[in-house]
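Source file: data09.pdb. Holds: PDB, C-alpha atoms, pLDDT in the B column.
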```
ATOM      1  CA  GLU A   1      92.717  99.177  79.269  1.00 65.00           C
ATOM      2  CA  ALA A   2      95.653  98.378  81.499  1.00 79.00           C
ATOM      3  CA  GLY A   3      95.019  98.832  85.183  1.00 92.00           C
ATOM      4  CA  VAL A   4      97.280 100.426  87.764  1.00 96.00           C
ATOM      5  CA  VAL A   5     100.638  98.705  87.507  1.00 97.00           C
ATOM      6  CA  GLN A   6     102.932  98.358  90.494  1.00 98.00           C
ATOM      7  CA  SER A   7     106.312  96.761  90.949  1.00 97.00           C
ATOM      8  CA  PRO A   8     107.774  94.839  92.556  1.00 98.00           C
ATOM      9  CA  ARG A   9     105.048  92.558  93.921  1.00 97.00           C
ATOM     10  CA  TYR A  10     107.169  91.440  96.850  1.00 97.00           C
ATOM     11  CA  LYS A  11     110.268  92.826  98.525  1.00 98.00           C
ATOM     12  CA  ILE A  12     112.251  91.516 101.471  1.00 98.00           C
ATOM     13  CA  ILE A  13     114.984  93.745 102.847  1.00 98.00           C
ATOM     14  CA  GLU A  14     117.037  94.079 105.982  1.00 98.00           C
ATOM     15  CA  LYS A  15     116.321  96.965 108.308  1.00 97.00           C
ATOM     16  CA  LYS A  16     118.211 100.173 107.588  1.00 97.00           C
ATOM     17  CA  GLN A  17     118.333  99.344 103.876  1.00 98.00           C
ATOM     18  CA  PRO A  18     116.622 101.547 101.265  1.00 98.00           C
ATOM     19  CA  VAL A  19     113.703 100.363  99.142  1.00 98.00           C
ATOM     20  CA  ALA A  20     111.697 101.861  96.303  1.00 98.00           C
ATOM     21  CA  PHE A  21     108.287 101.096  94.839  1.00 98.00           C
ATOM     22  CA  TRP A  22     107.051 102.086  91.403  1.00 98.00           C
ATOM     23  CA  CYS A  23     103.553 102.812  90.135  1.00 97.00           C
ATOM     24  CA  ASN A  24     102.103 103.492  86.698  1.00 96.00           C
ATOM     25  CA  PRO A  25      98.501 104.746  86.946  1.00 94.00           C
ATOM     26  CA  ILE A  26      95.651 104.271  84.494  1.00 92.00           C
ATOM     27  CA  SER A  27      96.144 106.468  81.462  1.00 90.00           C
ATOM     28  CA  GLY A  28      94.370 109.785  81.861  1.00 86.00           C
ATOM     29  CA  HIS A  29      93.886 109.511  85.617  1.00 87.00           C
ATOM     30  CA  ASN A  30      95.070 112.791  87.044  1.00 86.00           C
ATOM     31  CA  THR A  31      95.115 111.817  90.701  1.00 89.00           C
ATOM     32  CA  LEU A  32      97.489 109.251  92.158  1.00 93.00           C
ATOM     33  CA  TYR A  33      97.600 107.961  95.720  1.00 94.00           C
ATOM     34  CA  TRP A  34      99.989 105.907  97.791  1.00 97.00           C
ATOM     35  CA  TYR A  35      98.386 103.976 100.631  1.00 97.00           C
ATOM     36  CA  ARG A  36      99.870 101.661 103.233  1.00 98.00           C
ATOM     37  CA  GLN A  37      97.875  98.713 104.523  1.00 98.00           C
ATOM     38  CA  ASN A  38      98.893  96.891 107.667  1.00 97.00           C
ATOM     39  CA  LEU A  39      97.604  93.391 108.340  1.00 94.00           C
ATOM     40  CA  GLY A  40      93.982  93.430 109.457  1.00 93.00           C
ATOM     41  CA  GLN A  41      93.611  97.159 108.819  1.00 95.00           C
ATOM     42  CA  GLY A  42      92.204  99.311 106.066  1.00 96.00           C
ATOM     43  CA  PRO A  43      94.481 101.263 103.739  1.00 96.00           C
ATOM     44  CA  GLU A  44      95.864 104.519 105.143  1.00 96.00           C
ATOM     45  CA  LEU A  45      96.814 107.411 102.882  1.00 94.00           C
ATOM     46  CA  LEU A  46     100.469 108.363 102.676  1.00 97.00           C
ATOM     47  CA  ILE A  47     100.416 110.899  99.852  1.00 96.00           C
ATOM     48  CA  ARG A  48      98.084 112.185  97.135  1.00 93.00           C
ATOM     49  CA  TYR A  49      99.171 113.746  93.847  1.00 92.00           C
ATOM     50  CA  GLU A  50      97.118 115.839  91.496  1.00 88.00           C
ATOM     51  CA  ASN A  51      99.087 115.673  88.270  1.00 88.00           C
ATOM     52  CA  GLU A  52     102.681 116.249  89.405  1.00 89.00           C
ATOM     53  CA  GLU A  53     101.826 118.204  92.560  1.00 91.00           C
ATOM     54  CA  ALA A  54     101.745 116.557  95.981  1.00 92.00           C
ATOM     55  CA  VAL A  55      98.571 118.093  97.440  1.00 89.00           C
ATOM     56  CA  ASP A  56      98.323 115.999 100.607  1.00 89.00           C
ATOM     57  CA  ASP A  57     101.385 114.479 102.224  1.00 92.00           C
ATOM     58  CA  SER A  58     100.401 115.142 105.823  1.00 90.00           C
ATOM     59  CA  GLN A  59     100.665 111.461 106.779  1.00 92.00           C
ATOM     60  CA  LEU A  60     103.920 110.733 104.990  1.00 95.00           C
ATOM     61  CA  PRO A  61     106.745 110.147 107.522  1.00 93.00           C
ATOM     62  CA  LYS A  62     109.054 112.640 105.902  1.00 92.00           C
ATOM     63  CA  ASP A  63     112.138 111.692 107.883  1.00 95.00           C
ATOM     64  CA  ARG A  64     112.413 108.422 105.978  1.00 97.00           C
ATOM     65  CA  PHE A  65     109.791 108.415 103.229  1.00 98.00           C
ATOM     66  CA  SER A  66     109.902 110.349  99.975  1.00 97.00           C
ATOM     67  CA  ALA A  67     107.837 110.270  96.826  1.00 97.00           C
ATOM     68  CA  GLU A  68     107.854 111.819  93.400  1.00 95.00           C
ATOM     69  CA  ARG A  69     105.638 111.882  90.366  1.00 95.00           C
ATOM     70  CA  LEU A  70     107.628 113.099  87.427  1.00 83.00           C
ATOM     71  CA  LYS A  71     105.662 114.524  84.487  1.00 84.00           C
ATOM     72  CA  GLY A  72     102.432 113.720  86.293  1.00 81.00           C
ATOM     73  CA  VAL A  73     102.401 110.063  85.262  1.00 90.00           C
ATOM     74  CA  ASP A  74     104.551 107.406  86.967  1.00 95.00           C
ATOM     75  CA  SER A  75     105.339 107.663  90.640  1.00 97.00           C
ATOM     76  CA  THR A  76     108.009 106.304  92.952  1.00 97.00           C
ATOM     77  CA  LEU A  77     107.784 105.876  96.713  1.00 98.00           C
ATOM     78  CA  LYS A  78     111.041 105.450  98.608  1.00 98.00           C
ATOM     79  CA  ILE A  79     111.890 104.467 102.159  1.00 98.00           C
ATOM     80  CA  GLN A  80     115.373 105.133 103.494  1.00 97.00           C
ATOM     81  CA  PRO A  81     116.254 103.652 105.899  1.00 97.00           C
ATOM     82  CA  ALA A  82     113.589 101.006 106.351  1.00 97.00           C
ATOM     83  CA  GLU A  83     112.467  99.975 109.832  1.00 97.00           C
ATOM     84  CA  LEU A  84     110.797  96.782 111.018  1.00 97.00           C
ATOM     85  CA  GLY A  85     107.517  98.655 111.456  1.00 97.00           C
ATOM     86  CA  ASP A  86     107.457  99.525 107.757  1.00 98.00           C
ATOM     87  CA  SER A  87     106.483  95.962 106.896  1.00 98.00           C
ATOM     88  CA  ALA A  88     103.118  96.315 105.149  1.00 98.00           C
ATOM     89  CA  VAL A  89     101.472  96.288 101.750  1.00 98.00           C
ATOM     90  CA  TYR A  90     102.011  99.506  99.802  1.00 98.00           C
ATOM     91  CA  LEU A  91      99.138 100.232  97.473  1.00 98.00           C
ATOM     92  CA  CYS A  92      99.072 102.679  94.615  1.00 97.00           C
ATOM     93  CA  ALA A  93      95.730 103.908  93.288  1.00 94.00           C
ATOM     94  CA  SER A  94      94.573 106.351  90.670  1.00 91.00           C
ATOM     95  CA  SER A  95      91.297 108.095  89.993  1.00 87.00           C
ATOM     96  CA  LEU A  96      89.422 110.532  87.853  1.00 77.00           C
ATOM     97  CA  GLU A  97      87.688 113.417  89.512  1.00 68.00           C
ATOM     98  CA  GLY A  98      84.224 114.370  88.433  1.00 57.00           C
ATOM     99  CA  ARG A  99      81.322 116.539  89.475  1.00 47.00           C
ATOM    100  CA  ASN A 100      80.781 114.574  92.657  1.00 50.00           C
ATOM    101  CA  GLY A 101      84.440 114.351  93.483  1.00 55.00           C
ATOM    102  CA  VAL A 102      86.303 111.119  93.326  1.00 58.00           C
ATOM    103  CA  TYR A 103      84.651 108.318  91.366  1.00 64.00           C
ATOM    104  CA  GLY A 104      86.325 105.735  93.528  1.00 70.00           C
ATOM    105  CA  TYR A 105      89.821 104.482  93.094  1.00 83.00           C
ATOM    106  CA  THR A 106      91.364 101.721  91.096  1.00 90.00           C
ATOM    107  CA  PHE A 107      94.095 100.039  93.076  1.00 94.00           C
ATOM    108  CA  GLY A 108      97.201  98.344  91.806  1.00 96.00           C
ATOM    109  CA  SER A 109      98.163  94.878  92.968  1.00 96.00           C
ATOM    110  CA  GLY A 110     100.351  96.318  95.713  1.00 97.00           C
ATOM    111  CA  THR A 111     103.877  95.694  96.926  1.00 98.00           C
ATOM    112  CA  ARG A 112     104.234  93.505 100.000  1.00 98.00           C
ATOM    113  CA  LEU A 113     107.256  94.741 101.932  1.00 98.00           C
ATOM    114  CA  THR A 114     108.882  92.640 104.610  1.00 98.00           C
ATOM    115  CA  VAL A 115     111.653  94.223 106.680  1.00 98.00           C
ATOM    116  CA  VAL A 116     113.766  91.724 108.613  1.00 98.00           C
TER     117      VAL A 116
ATOM    118  CA  GLN B   1      86.878 107.775 117.678  1.00 74.00           C
ATOM    119  CA  LYS B   2      87.926 106.449 114.300  1.00 82.00           C
ATOM    120  CA  GLU B   3      86.704 108.330 111.255  1.00 91.00           C
ATOM    121  CA  VAL B   4      85.188 105.217 109.701  1.00 96.00           C
ATOM    122  CA  GLU B   5      84.126 102.316 111.883  1.00 96.00           C
ATOM    123  CA  GLN B   6      83.177  98.799 110.919  1.00 96.00           C
ATOM    124  CA  ASN B   7      82.587  95.654 112.894  1.00 92.00           C
ATOM    125  CA  SER B   8      85.633  93.487 112.216  1.00 89.00           C
ATOM    126  CA  GLY B   9      83.597  90.277 112.218  1.00 90.00           C
ATOM    127  CA  PRO B  10      83.840  87.644 111.049  1.00 96.00           C
ATOM    128  CA  LEU B  11      80.264  87.701 109.881  1.00 97.00           C
ATOM    129  CA  SER B  12      79.169  84.191 108.973  1.00 98.00           C
ATOM    130  CA  VAL B  13      76.108  83.583 106.819  1.00 98.00           C
ATOM    131  CA  PRO B  14      74.835  80.448 105.063  1.00 98.00           C
ATOM    132  CA  GLU B  15      74.854  80.263 101.299  1.00 98.00           C
ATOM    133  CA  GLY B  16      71.792  81.919  99.817  1.00 98.00           C
ATOM    134  CA  ALA B  17      71.189  84.200 102.800  1.00 98.00           C
ATOM    135  CA  ILE B  18      71.387  87.984 102.931  1.00 98.00           C
ATOM    136  CA  ALA B  19      74.625  89.405 104.342  1.00 98.00           C
ATOM    137  CA  SER B  20      74.353  92.829 105.961  1.00 98.00           C
ATOM    138  CA  LEU B  21      77.512  94.880 106.445  1.00 98.00           C
ATOM    139  CA  ASN B  22      77.475  98.137 108.355  1.00 97.00           C
ATOM    140  CA  CYS B  23      79.645 101.232 108.574  1.00 97.00           C
ATOM    141  CA  THR B  24      79.475 104.496 110.509  1.00 97.00           C
ATOM    142  CA  TYR B  25      81.479 107.647 109.872  1.00 95.00           C
ATOM    143  CA  SER B  26      82.271 110.724 111.919  1.00 94.00           C
ATOM    144  CA  ASP B  27      82.703 113.532 109.359  1.00 89.00           C
ATOM    145  CA  ARG B  28      79.185 114.890 108.886  1.00 89.00           C
ATOM    146  CA  GLY B  29      80.285 116.736 105.756  1.00 86.00           C
ATOM    147  CA  SER B  30      81.310 113.552 103.934  1.00 88.00           C
ATOM    148  CA  GLN B  31      80.060 113.546 100.375  1.00 84.00           C
ATOM    149  CA  SER B  32      80.446 110.099  98.902  1.00 89.00           C
ATOM    150  CA  PHE B  33      80.692 106.568 100.143  1.00 93.00           C
ATOM    151  CA  PHE B  34      82.263 103.454  98.726  1.00 93.00           C
ATOM    152  CA  TRP B  35      82.325  99.732  99.324  1.00 96.00           C
ATOM    153  CA  TYR B  36      85.373  97.719  98.348  1.00 96.00           C
ATOM    154  CA  ARG B  37      85.873  93.975  98.414  1.00 97.00           C
ATOM    155  CA  GLN B  38      89.296  92.576  99.234  1.00 97.00           C
ATOM    156  CA  TYR B  39      90.189  88.922  98.859  1.00 97.00           C
ATOM    157  CA  SER B  40      93.051  87.614 100.959  1.00 95.00           C
ATOM    158  CA  GLY B  41      96.368  88.678  99.469  1.00 93.00           C
ATOM    159  CA  LYS B  42      94.709  90.852  96.823  1.00 95.00           C
ATOM    160  CA  SER B  43      94.127  94.558  96.461  1.00 95.00           C
ATOM    161  CA  PRO B  44      90.745  96.203  97.116  1.00 95.00           C
ATOM    162  CA  GLU B  45      88.263  96.315  94.240  1.00 93.00           C
ATOM    163  CA  LEU B  46      85.369  98.742  94.020  1.00 91.00           C
ATOM    164  CA  ILE B  47      81.911  97.197  94.342  1.00 93.00           C
ATOM    165  CA  MET B  48      79.631 100.198  94.686  1.00 91.00           C
ATOM    166  CA  PHE B  49      79.510 103.872  95.493  1.00 90.00           C
ATOM    167  CA  ILE B  50      76.627 106.010  96.716  1.00 92.00           C
ATOM    168  CA  TYR B  51      76.183 109.766  97.052  1.00 88.00           C
ATOM    169  CA  SER B  52      72.542 110.306  97.962  1.00 88.00           C
ATOM    170  CA  ASN B  53      70.408 109.183 100.861  1.00 93.00           C
ATOM    171  CA  GLY B  54      68.462 106.018 100.215  1.00 94.00           C
ATOM    172  CA  ASP B  55      69.198 102.781  98.428  1.00 95.00           C
ATOM    173  CA  LYS B  56      71.231 101.995  95.359  1.00 95.00           C
ATOM    174  CA  GLU B  57      71.007  98.551  93.815  1.00 96.00           C
ATOM    175  CA  ASP B  58      73.437  96.777  91.498  1.00 95.00           C
ATOM    176  CA  GLY B  59      72.716  93.115  90.890  1.00 97.00           C
ATOM    177  CA  ARG B  60      72.892  91.242  94.179  1.00 98.00           C
ATOM    178  CA  PHE B  61      74.335  94.269  95.982  1.00 98.00           C
ATOM    179  CA  THR B  62      72.422  97.129  97.601  1.00 98.00           C
ATOM    180  CA  ALA B  63      74.104 100.106  99.243  1.00 97.00           C
ATOM    181  CA  GLN B  64      72.108 102.117 101.748  1.00 97.00           C
ATOM    182  CA  LEU B  65      72.994 105.590 102.960  1.00 96.00           C
ATOM    183  CA  ASN B  66      71.551 107.586 105.851  1.00 96.00           C
ATOM    184  CA  LYS B  67      73.460 110.854 106.199  1.00 94.00           C
ATOM    185  CA  ALA B  68      71.444 112.005 109.215  1.00 94.00           C
ATOM    186  CA  SER B  69      72.563 108.909 111.126  1.00 95.00           C
ATOM    187  CA  GLN B  70      76.002 108.894 109.440  1.00 95.00           C
ATOM    188  CA  TYR B  71      75.469 105.300 108.489  1.00 95.00           C
ATOM    189  CA  VAL B  72      76.212 103.280 105.363  1.00 97.00           C
ATOM    190  CA  SER B  73      75.397  99.650 104.766  1.00 98.00           C
ATOM    191  CA  LEU B  74      75.890  97.003 102.116  1.00 98.00           C
ATOM    192  CA  LEU B  75      73.445  94.178 101.588  1.00 98.00           C
ATOM    193  CA  ILE B  76      74.460  91.117  99.618  1.00 98.00           C
ATOM    194  CA  ARG B  77      71.525  88.993  98.531  1.00 98.00           C
ATOM    195  CA  ASP B  78      71.800  85.287  97.707  1.00 98.00           C
ATOM    196  CA  SER B  79      75.269  85.167  99.257  1.00 98.00           C
ATOM    197  CA  GLN B  80      77.724  82.820  97.584  1.00 98.00           C
ATOM    198  CA  PRO B  81      80.929  81.244  98.939  1.00 97.00           C
ATOM    199  CA  SER B  82      82.784  83.410  96.407  1.00 97.00           C
ATOM    200  CA  ASP B  83      81.553  86.471  98.324  1.00 98.00           C
ATOM    201  CA  SER B  84      83.781  85.450 101.254  1.00 98.00           C
ATOM    202  CA  ALA B  85      86.215  88.334 101.603  1.00 98.00           C
ATOM    203  CA  THR B  86      86.908  91.458 103.629  1.00 98.00           C
ATOM    204  CA  TYR B  87      84.589  94.350 102.832  1.00 98.00           C
ATOM    205  CA  LEU B  88      86.011  97.829 103.269  1.00 97.00           C
ATOM    206  CA  CYS B  89      83.865 100.894 103.735  1.00 97.00           C
ATOM    207  CA  ALA B  90      85.434 104.145 102.504  1.00 94.00           C
ATOM    208  CA  VAL B  91      84.296 107.719 102.862  1.00 93.00           C
ATOM    209  CA  ASN B  92      85.251 110.780 100.832  1.00 88.00           C
ATOM    210  CA  ARG B  93      85.553 113.612 103.305  1.00 76.00           C
ATOM    211  CA  GLU B  94      84.061 117.022 102.678  1.00 64.00           C
ATOM    212  CA  TYR B  95      87.390 118.673 101.936  1.00 61.00           C
ATOM    213  CA  GLY B  96      90.183 117.097  99.998  1.00 60.00           C
ATOM    214  CA  ASN B  97      89.504 114.311  97.598  1.00 70.00           C
ATOM    215  CA  LYS B  98      90.822 111.330  99.474  1.00 80.00           C
ATOM    216  CA  LEU B  99      89.122 108.222 100.731  1.00 87.00           C
ATOM    217  CA  VAL B 100      89.313 107.275 104.390  1.00 92.00           C
ATOM    218  CA  PHE B 101      88.890 103.542 104.913  1.00 95.00           C
ATOM    219  CA  GLY B 102      87.486 101.512 107.733  1.00 97.00           C
ATOM    220  CA  ALA B 103      89.350  98.450 108.970  1.00 97.00           C
ATOM    221  CA  GLY B 104      86.979  96.146 107.123  1.00 97.00           C
ATOM    222  CA  THR B 105      84.505  93.387 107.971  1.00 97.00           C
ATOM    223  CA  ILE B 106      85.398  89.776 107.259  1.00 97.00           C
ATOM    224  CA  LEU B 107      82.493  87.939 105.598  1.00 98.00           C
ATOM    225  CA  ARG B 108      82.340  84.158 105.467  1.00 98.00           C
ATOM    226  CA  VAL B 109      79.666  82.477 103.402  1.00 98.00           C
ATOM    227  CA  LYS B 110      79.263  78.819 104.295  1.00 96.00           C
ATOM    228  CA  SER B 111      78.033  76.296 101.732  1.00 92.00           C
TER     229      SER B 111
END
```
Structure re-expressed in structure tokens:
Amino acid sequence: EAGVVQSPRYKIIEKKQPVAFWCNPISGHNTLYWYRQNLGQGPELLIRYENEEAVDDSQLPKDRFSAERLKGVDSTLKIQPAELGDSAVYLCASSLEGRNGVYGYTFGSGTRLTVV
Amino acid sequence: QKEVEQNSGPLSVPEGAIASLNCTYSDRGSQSFFWYRQYSGKSPELIMFIYSNGDKEDGRFTAQLNKASQYVSLLIRDSQPSDSATYLCAVNREYGNKLVFGAGTILRVKS
């Protein structure tokens, strides 16, 4: 079974430029998450999708960040324009929900963004 | 107060010893608890999860949960140099299925 696939693995852009990240979750996983991880910190949730619906985007900086999950499968996270402080690793994860809630996530390999 | 708190470490233990990693959380209604391991430059990988008070063992790993004290721990027996990594504690809050992560504890196992 293929895991969560993310691309690109690395991205270096100049500030004020746009950037997009792509994620393909594990087949059959209904819930998809985008997290941001700064150096030395744990991942922080940006947005959570259940199928194609964004059910929690309270921590997504909506002035510059946008996300979509068309047809409830692949997802794209976009930043426009990027700022120096956006440099981080962007992690996509997917999960199945069961009787006890989330059975833990499976993370993709992440996209390391550097804004110069 | 952070929702999930961990000692950043580094925690250094000799090879073969028991490593004890601790985590406290603030949301008393939290339902489930997870430990992830993250090697440098890699993404987090799930080691264990626990829902009920008490101990849960899986090979060399034991997760311990005390909901009254809002405390979760991970014990690693017979620590190996390959266990050297950052260990992230994550908590599923009572409402809304999302995991809140601590900042992680760096573990170094010395041979």
For chain B, list the residues within 10 Å of chain A, counting all atoms listed in the file, and write the list as an MDAnalysis selection string. chainID B and resid 4 8 31:36 41:51 86:106
Who sits within 10 Å of stretch 19-26 of chain B, all atoms listed in the file, same chain under 2 positions skipped, as a PyMOL selection string: chain B and resi 1-7+9+11-17+28-30+33+35+61-67+69-80+83+87-91+93+100-102+104-109
Please, what distance in Å, to one decimal, runs between atom CA of A:Arg36 and atom CA of A:Lys11?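 Between these atoms lies a distance of 14.4 Å.
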May I ask for the distance between atom CA of A:Leu32 and atom CA of A:Pro81, given in Å to one decimal place?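 Spanning atom CA of A:Leu32 to atom CA of A:Pro81 is a straight-line distance of 23.9 Å.
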Mind telling me what the PyMOL selection byres ((chain A and resi 79) around 6) catches here, as a PyMOL selection string? chain A and resi 18-19+64-65+78+80-82
Work out how far apart atom CA of B:Ser82 and atom CA of B:Lys56 are and give it in Å to one decimal.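 Computing it gives 21.9 Å between the two atoms.
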Expand the PyMOL selection byres ((chain A and resi 24) around 6) into the individual residues it matches in the shown file, reporting them as number ranges by chain. A: 4-5, 23, 25, 74
Please write as a list of chain:residue names the full residue list that the PyMOL selection byres ((chain A and resi 8) around 8) yields on this file.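 Checking the PyMOL selection byres ((chain A and resi 8) around 8) against this file, the residues are A:Gln6, A:Ser7, A:Arg9, A:Tyr10, A:Lys11, A:Phe21, A:Trp22, A:Thr111.
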Return as lines of an AutoDock Vina configuration file the box centre and box size in Å, one decimal, for an axis-aligned box around all listed atoms of stretch 73-82 of chain B padded by 5 Å per side.
```
center_x = 77.2
center_y = 90.4
center_z = 100.6
size_x = 21.3
size_y = 28.4
size_z = 18.4
```
